[in-house]
Amino acid sequence: MASADDQAARNRDIATAYAAGESIEALASKFELSVSRTRTIAANVRPAIARPAAAMRLARERREQYRETVAELHDLARRLPLSQASSKVGAYRVLLEALEALTRIESATGYLPTALDDLAYQQTIATTVLEVLDGFELPAEAIEELSEKLGVAA
């Protein structure tokens, strides 16, 4: 049986990998634990993110791995003939799971909003900022550039 220190280190590794976007099922398999035990660890153990830069680097690396895998899965699913319907459905199912994991990683790292409500709220803020600035005598080029960078129409 592993020592308490070894278990604590394992649990931090699980929590950190989960925070970086790895699925509960993959972690359970990797650490030879049940899915429910892995889920409990991921939910209750603080990830080892003493160095945020290292954690972000890991998340970006994981994101790139998922992006490559998604592209390969997409290619595989497209190439499977219709005569292999169950294989084709299975490939698309795995592709959707990989896309879901990629979306979680991209939301956690700021590439995507965590909720679509956030996106609408951010657009409302950007529009309000432009409306306020429009009341000042700023050059049209400045308003256009700001509008472009904020992603809203001037």
# chains A, B, ... in the order shown; residues from 1 in each chain; ligands from 1
>>> select_by_dssp(residues="chain A", states="helix (DSSP H, G or I)", output="number ranges by chain")
A: 4-19, 24-31, 35-44, 52-79, 82-108, 116-134, 140-150
>>> residues_around(residues="region 96-98 of chain A", least_positions_apart="6", cutoff="9 Å", atoms="only C-alpha atoms", output="JSON, numbers by chain")
{"A": [66, 67, 69, 70, 73]}
>>> atom_distance(atom1="CA of Asp13 (chain A)", atom2="CA of Glu68 (chain A)")
23.6 Å
>>> closest_residue(among="A:Val152, A:Leu33, A:Ala19, A:Val94", to="Ile125 (chain A)", atoms="only C-alpha atoms")
A:Val152
>>> atom_distance(atom1="CA of Thr124 (chain A)", atom2="CA of Ile105 (chain A)")
25.4 Å
>>> residues_around(residues="region 56-64 of chain A", least_positions_apart="5", cutoff="8 Å", atoms="only C-alpha atoms", output="list in words")
Ala20, Gly21, Leu102, Ile105, Glu106 and Thr109 of chain A
>>> atom_distance(atom1="CA of Thr128 (chain A)", atom2="CA of Gly110 (chain A)")
22.6 Å
>>> decode(residues="region 3-145 of chain A", atoms="C-alpha atoms", output="PDB file, in the first residue's frame")
ATOM      1  CA  SER A   3       2.295   5.838   1.925  1.00  0.00           C
ATOM      2  CA  ALA A   4       0.139   8.810   2.858  1.00  0.00           C
ATOM      3  CA  ASP A   5       2.641  11.134   1.138  1.00  0.00           C
ATOM      4  CA  ASP A   6       2.518   9.035  -2.043  1.00  0.00           C
ATOM      5  CA  GLN A   7      -1.291   9.065  -2.017  1.00  0.00           C
ATOM      6  CA  ALA A   8      -1.354  12.835  -1.451  1.00  0.00           C
ATOM      7  CA  ALA A   9       1.037  13.350  -4.377  1.00  0.00           C
ATOM      8  CA  ARG A  10      -1.069  11.037  -6.568  1.00  0.00           C
ATOM      9  CA  ASN A  11      -4.222  12.918  -5.582  1.00  0.00           C
ATOM     10  CA  ARG A  12      -2.620  16.274  -6.460  1.00  0.00           C
ATOM     11  CA  ASP A  13      -1.535  14.827  -9.816  1.00  0.00           C
ATOM     12  CA  ILE A  14      -5.112  13.701 -10.461  1.00  0.00           C
ATOM     13  CA  ALA A  15      -6.592  17.077  -9.472  1.00  0.00           C
ATOM     14  CA  THR A  16      -4.028  18.979 -11.550  1.00  0.00           C
ATOM     15  CA  ALA A  17      -4.561  16.812 -14.643  1.00  0.00           C
ATOM     16  CA  TYR A  18      -8.329  17.144 -14.253  1.00  0.00           C
ATOM     17  CA  ALA A  19      -8.028  20.925 -13.914  1.00  0.00           C
ATOM     18  CA  ALA A  20      -5.976  20.890 -17.131  1.00  0.00           C
ATOM     19  CA  GLY A  21      -8.818  19.102 -18.946  1.00  0.00           C
ATOM     20  CA  GLU A  22      -8.137  15.380 -18.683  1.00  0.00           C
ATOM     21  CA  SER A  23     -11.313  13.333 -18.295  1.00  0.00           C
ATOM     22  CA  ILE A  24     -12.255  11.501 -15.102  1.00  0.00           C
ATOM     23  CA  GLU A  25     -12.442   8.221 -17.021  1.00  0.00           C
ATOM     24  CA  ALA A  26      -8.942   8.616 -18.474  1.00  0.00           C
ATOM     25  CA  LEU A  27      -7.527   9.505 -15.055  1.00  0.00           C
ATOM     26  CA  ALA A  28      -9.270   6.557 -13.400  1.00  0.00           C
ATOM     27  CA  SER A  29      -7.704   4.249 -15.959  1.00  0.00           C
ATOM     28  CA  LYS A  30      -4.282   5.882 -15.713  1.00  0.00           C
ATOM     29  CA  PHE A  31      -4.150   5.694 -11.898  1.00  0.00           C
ATOM     30  CA  GLU A  32      -6.018   2.362 -11.681  1.00  0.00           C
ATOM     31  CA  LEU A  33      -8.839   3.756  -9.546  1.00  0.00           C
ATOM     32  CA  SER A  34     -12.605   3.582  -9.822  1.00  0.00           C
ATOM     33  CA  VAL A  35     -14.341   6.379 -11.676  1.00  0.00           C
ATOM     34  CA  SER A  36     -16.238   7.402  -8.527  1.00  0.00           C
ATOM     35  CA  ARG A  37     -13.049   7.541  -6.411  1.00  0.00           C
ATOM     36  CA  THR A  38     -11.274   9.565  -9.112  1.00  0.00           C
ATOM     37  CA  ARG A  39     -14.229  11.968  -9.318  1.00  0.00           C
ATOM     38  CA  THR A  40     -14.130  12.428  -5.516  1.00  0.00           C
ATOM     39  CA  ILE A  41     -10.392  13.151  -5.584  1.00  0.00           C
ATOM     40  CA  ALA A  42     -10.735  15.621  -8.470  1.00  0.00           C
ATOM     41  CA  ALA A  43     -13.549  17.446  -6.671  1.00  0.00           C
ATOM     42  CA  ASN A  44     -11.971  17.580  -3.207  1.00  0.00           C
ATOM     43  CA  VAL A  45      -8.227  17.947  -3.720  1.00  0.00           C
ATOM     44  CA  ARG A  46      -6.668  21.280  -4.545  1.00  0.00           C
ATOM     45  CA  PRO A  47      -4.623  20.984  -7.753  1.00  0.00           C
ATOM     46  CA  ALA A  48      -0.874  21.473  -7.498  1.00  0.00           C
ATOM     47  CA  ILE A  49      -0.734  24.861  -9.176  1.00  0.00           C
ATOM     48  CA  ALA A  50       1.982  26.479  -7.152  1.00  0.00           C
ATOM     49  CA  ARG A  51       3.440  27.682 -10.442  1.00  0.00           C
ATOM     50  CA  PRO A  52       0.608  29.082 -12.570  1.00  0.00           C
ATOM     51  CA  ALA A  53       2.879  29.462 -15.606  1.00  0.00           C
ATOM     52  CA  ALA A  54       3.669  25.742 -15.507  1.00  0.00           C
ATOM     53  CA  ALA A  55      -0.015  24.886 -15.176  1.00  0.00           C
ATOM     54  CA  MET A  56      -0.917  27.098 -18.134  1.00  0.00           C
ATOM     55  CA  ARG A  57       1.884  25.584 -20.199  1.00  0.00           C
ATOM     56  CA  LEU A  58       0.524  22.112 -19.389  1.00  0.00           C
ATOM     57  CA  ALA A  59      -3.001  23.220 -20.306  1.00  0.00           C
ATOM     58  CA  ARG A  60      -1.797  24.691 -23.621  1.00  0.00           C
ATOM     59  CA  GLU A  61       0.121  21.489 -24.391  1.00  0.00           C
ATOM     60  CA  ARG A  62      -2.958  19.408 -23.566  1.00  0.00           C
ATOM     61  CA  ARG A  63      -5.070  21.707 -25.736  1.00  0.00           C
ATOM     62  CA  GLU A  64      -2.728  21.177 -28.673  1.00  0.00           C
ATOM     63  CA  GLN A  65      -2.784  17.392 -28.141  1.00  0.00           C
ATOM     64  CA  TYR A  66      -6.578  17.422 -28.144  1.00  0.00           C
ATOM     65  CA  ARG A  67      -6.680  19.606 -31.257  1.00  0.00           C
ATOM     66  CA  GLU A  68      -4.428  17.133 -33.095  1.00  0.00           C
ATOM     67  CA  THR A  69      -6.486  14.184 -31.872  1.00  0.00           C
ATOM     68  CA  VAL A  70      -9.741  15.855 -32.890  1.00  0.00           C
ATOM     69  CA  ALA A  71      -8.363  16.414 -36.393  1.00  0.00           C
ATOM     70  CA  GLU A  72      -7.282  12.768 -36.648  1.00  0.00           C
ATOM     71  CA  LEU A  73     -10.652  11.525 -35.362  1.00  0.00           C
ATOM     72  CA  HIS A  74     -12.498  13.775 -37.787  1.00  0.00           C
ATOM     73  CA  ASP A  75     -10.433  12.430 -40.663  1.00  0.00           C
ATOM     74  CA  LEU A  76     -11.023   8.829 -39.543  1.00  0.00           C
ATOM     75  CA  ALA A  77     -14.784   9.322 -39.173  1.00  0.00           C
ATOM     76  CA  ARG A  78     -15.009  10.899 -42.643  1.00  0.00           C
ATOM     77  CA  ARG A  79     -12.993   8.116 -44.287  1.00  0.00           C
ATOM     78  CA  LEU A  80     -15.029   5.242 -42.850  1.00  0.00           C
ATOM     79  CA  PRO A  81     -17.457   3.991 -45.502  1.00  0.00           C
ATOM     80  CA  LEU A  82     -21.207   3.982 -44.877  1.00  0.00           C
ATOM     81  CA  SER A  83     -21.083   0.199 -45.155  1.00  0.00           C
ATOM     82  CA  GLN A  84     -19.345   0.265 -41.744  1.00  0.00           C
ATOM     83  CA  ALA A  85     -22.144   2.218 -40.111  1.00  0.00           C
ATOM     84  CA  SER A  86     -21.492   1.116 -36.521  1.00  0.00           C
ATOM     85  CA  SER A  87     -17.796   1.964 -36.808  1.00  0.00           C
ATOM     86  CA  LYS A  88     -18.642   5.328 -38.351  1.00  0.00           C
ATOM     87  CA  VAL A  89     -21.107   6.119 -35.541  1.00  0.00           C
ATOM     88  CA  GLY A  90     -18.525   5.047 -32.961  1.00  0.00           C
ATOM     89  CA  ALA A  91     -15.868   7.260 -34.532  1.00  0.00           C
ATOM     90  CA  TYR A  92     -18.194  10.258 -34.466  1.00  0.00           C
ATOM     91  CA  ARG A  93     -19.150   9.509 -30.856  1.00  0.00           C
ATOM     92  CA  VAL A  94     -15.478   9.516 -29.826  1.00  0.00           C
ATOM     93  CA  LEU A  95     -14.949  12.679 -31.889  1.00  0.00           C
ATOM     94  CA  LEU A  96     -17.763  14.420 -29.993  1.00  0.00           C
ATOM     95  CA  GLU A  97     -16.268  13.351 -26.643  1.00  0.00           C
ATOM     96  CA  ALA A  98     -12.886  14.723 -27.712  1.00  0.00           C
ATOM     97  CA  LEU A  99     -14.509  17.990 -28.803  1.00  0.00           C
ATOM     98  CA  GLU A 100     -16.238  18.232 -25.424  1.00  0.00           C
ATOM     99  CA  ALA A 101     -12.922  17.733 -23.620  1.00  0.00           C
ATOM    100  CA  LEU A 102     -11.265  20.303 -25.878  1.00  0.00           C
ATOM    101  CA  THR A 103     -14.052  22.771 -25.133  1.00  0.00           C
ATOM    102  CA  ARG A 104     -13.526  22.283 -21.367  1.00  0.00           C
ATOM    103  CA  ILE A 105      -9.798  22.943 -21.771  1.00  0.00           C
ATOM    104  CA  GLU A 106     -10.383  26.010 -23.930  1.00  0.00           C
ATOM    105  CA  SER A 107     -12.946  27.393 -21.472  1.00  0.00           C
ATOM    106  CA  ALA A 108     -10.640  26.798 -18.504  1.00  0.00           C
ATOM    107  CA  THR A 109      -7.701  28.500 -20.221  1.00  0.00           C
ATOM    108  CA  GLY A 110      -9.661  31.492 -21.504  1.00  0.00           C
ATOM    109  CA  TYR A 111      -9.769  30.577 -25.200  1.00  0.00           C
ATOM    110  CA  LEU A 112     -13.562  30.278 -24.883  1.00  0.00           C
ATOM    111  CA  PRO A 113     -15.990  31.897 -22.450  1.00  0.00           C
ATOM    112  CA  THR A 114     -17.084  29.643 -19.616  1.00  0.00           C
ATOM    113  CA  ALA A 115     -20.716  30.395 -20.472  1.00  0.00           C
ATOM    114  CA  LEU A 116     -22.408  31.915 -23.473  1.00  0.00           C
ATOM    115  CA  ASP A 117     -24.048  34.387 -21.083  1.00  0.00           C
ATOM    116  CA  ASP A 118     -20.548  35.761 -20.455  1.00  0.00           C
ATOM    117  CA  LEU A 119     -20.074  36.340 -24.173  1.00  0.00           C
ATOM    118  CA  ALA A 120     -23.329  38.299 -24.466  1.00  0.00           C
ATOM    119  CA  TYR A 121     -22.428  40.310 -21.361  1.00  0.00           C
ATOM    120  CA  GLN A 122     -18.968  41.106 -22.737  1.00  0.00           C
ATOM    121  CA  GLN A 123     -20.507  42.268 -26.009  1.00  0.00           C
ATOM    122  CA  THR A 124     -22.911  44.522 -24.085  1.00  0.00           C
ATOM    123  CA  ILE A 125     -19.983  46.063 -22.201  1.00  0.00           C
ATOM    124  CA  ALA A 126     -18.030  46.594 -25.435  1.00  0.00           C
ATOM    125  CA  THR A 127     -21.032  48.277 -27.086  1.00  0.00           C
ATOM    126  CA  THR A 128     -21.557  50.522 -24.048  1.00  0.00           C
ATOM    127  CA  VAL A 129     -17.876  51.533 -24.041  1.00  0.00           C
ATOM    128  CA  LEU A 130     -18.107  52.513 -27.706  1.00  0.00           C
ATOM    129  CA  GLU A 131     -21.302  54.489 -27.080  1.00  0.00           C
ATOM    130  CA  VAL A 132     -19.640  56.423 -24.244  1.00  0.00           C
ATOM    131  CA  LEU A 133     -16.504  57.114 -26.285  1.00  0.00           C
ATOM    132  CA  ASP A 134     -18.649  58.234 -29.211  1.00  0.00           C
ATOM    133  CA  GLY A 135     -19.771  61.173 -27.062  1.00  0.00           C
ATOM    134  CA  PHE A 136     -16.209  62.461 -27.013  1.00  0.00           C
ATOM    135  CA  GLU A 137     -14.491  63.959 -30.001  1.00  0.00           C
ATOM    136  CA  LEU A 138     -12.215  61.040 -30.799  1.00  0.00           C
ATOM    137  CA  PRO A 139     -10.868  60.456 -34.291  1.00  0.00           C
ATOM    138  CA  ALA A 140     -13.040  58.116 -36.341  1.00  0.00           C
ATOM    139  CA  GLU A 141     -10.019  55.866 -36.928  1.00  0.00           C
ATOM    140  CA  ALA A 142      -9.629  55.375 -33.160  1.00  0.00           C
ATOM    141  CA  ILE A 143     -13.299  54.394 -32.763  1.00  0.00           C
ATOM    142  CA  GLU A 144     -13.071  52.011 -35.748  1.00  0.00           C
ATOM    143  CA  GLU A 145      -9.910  50.355 -34.425  1.00  0.00           C
TER     144      GLU A 145
END
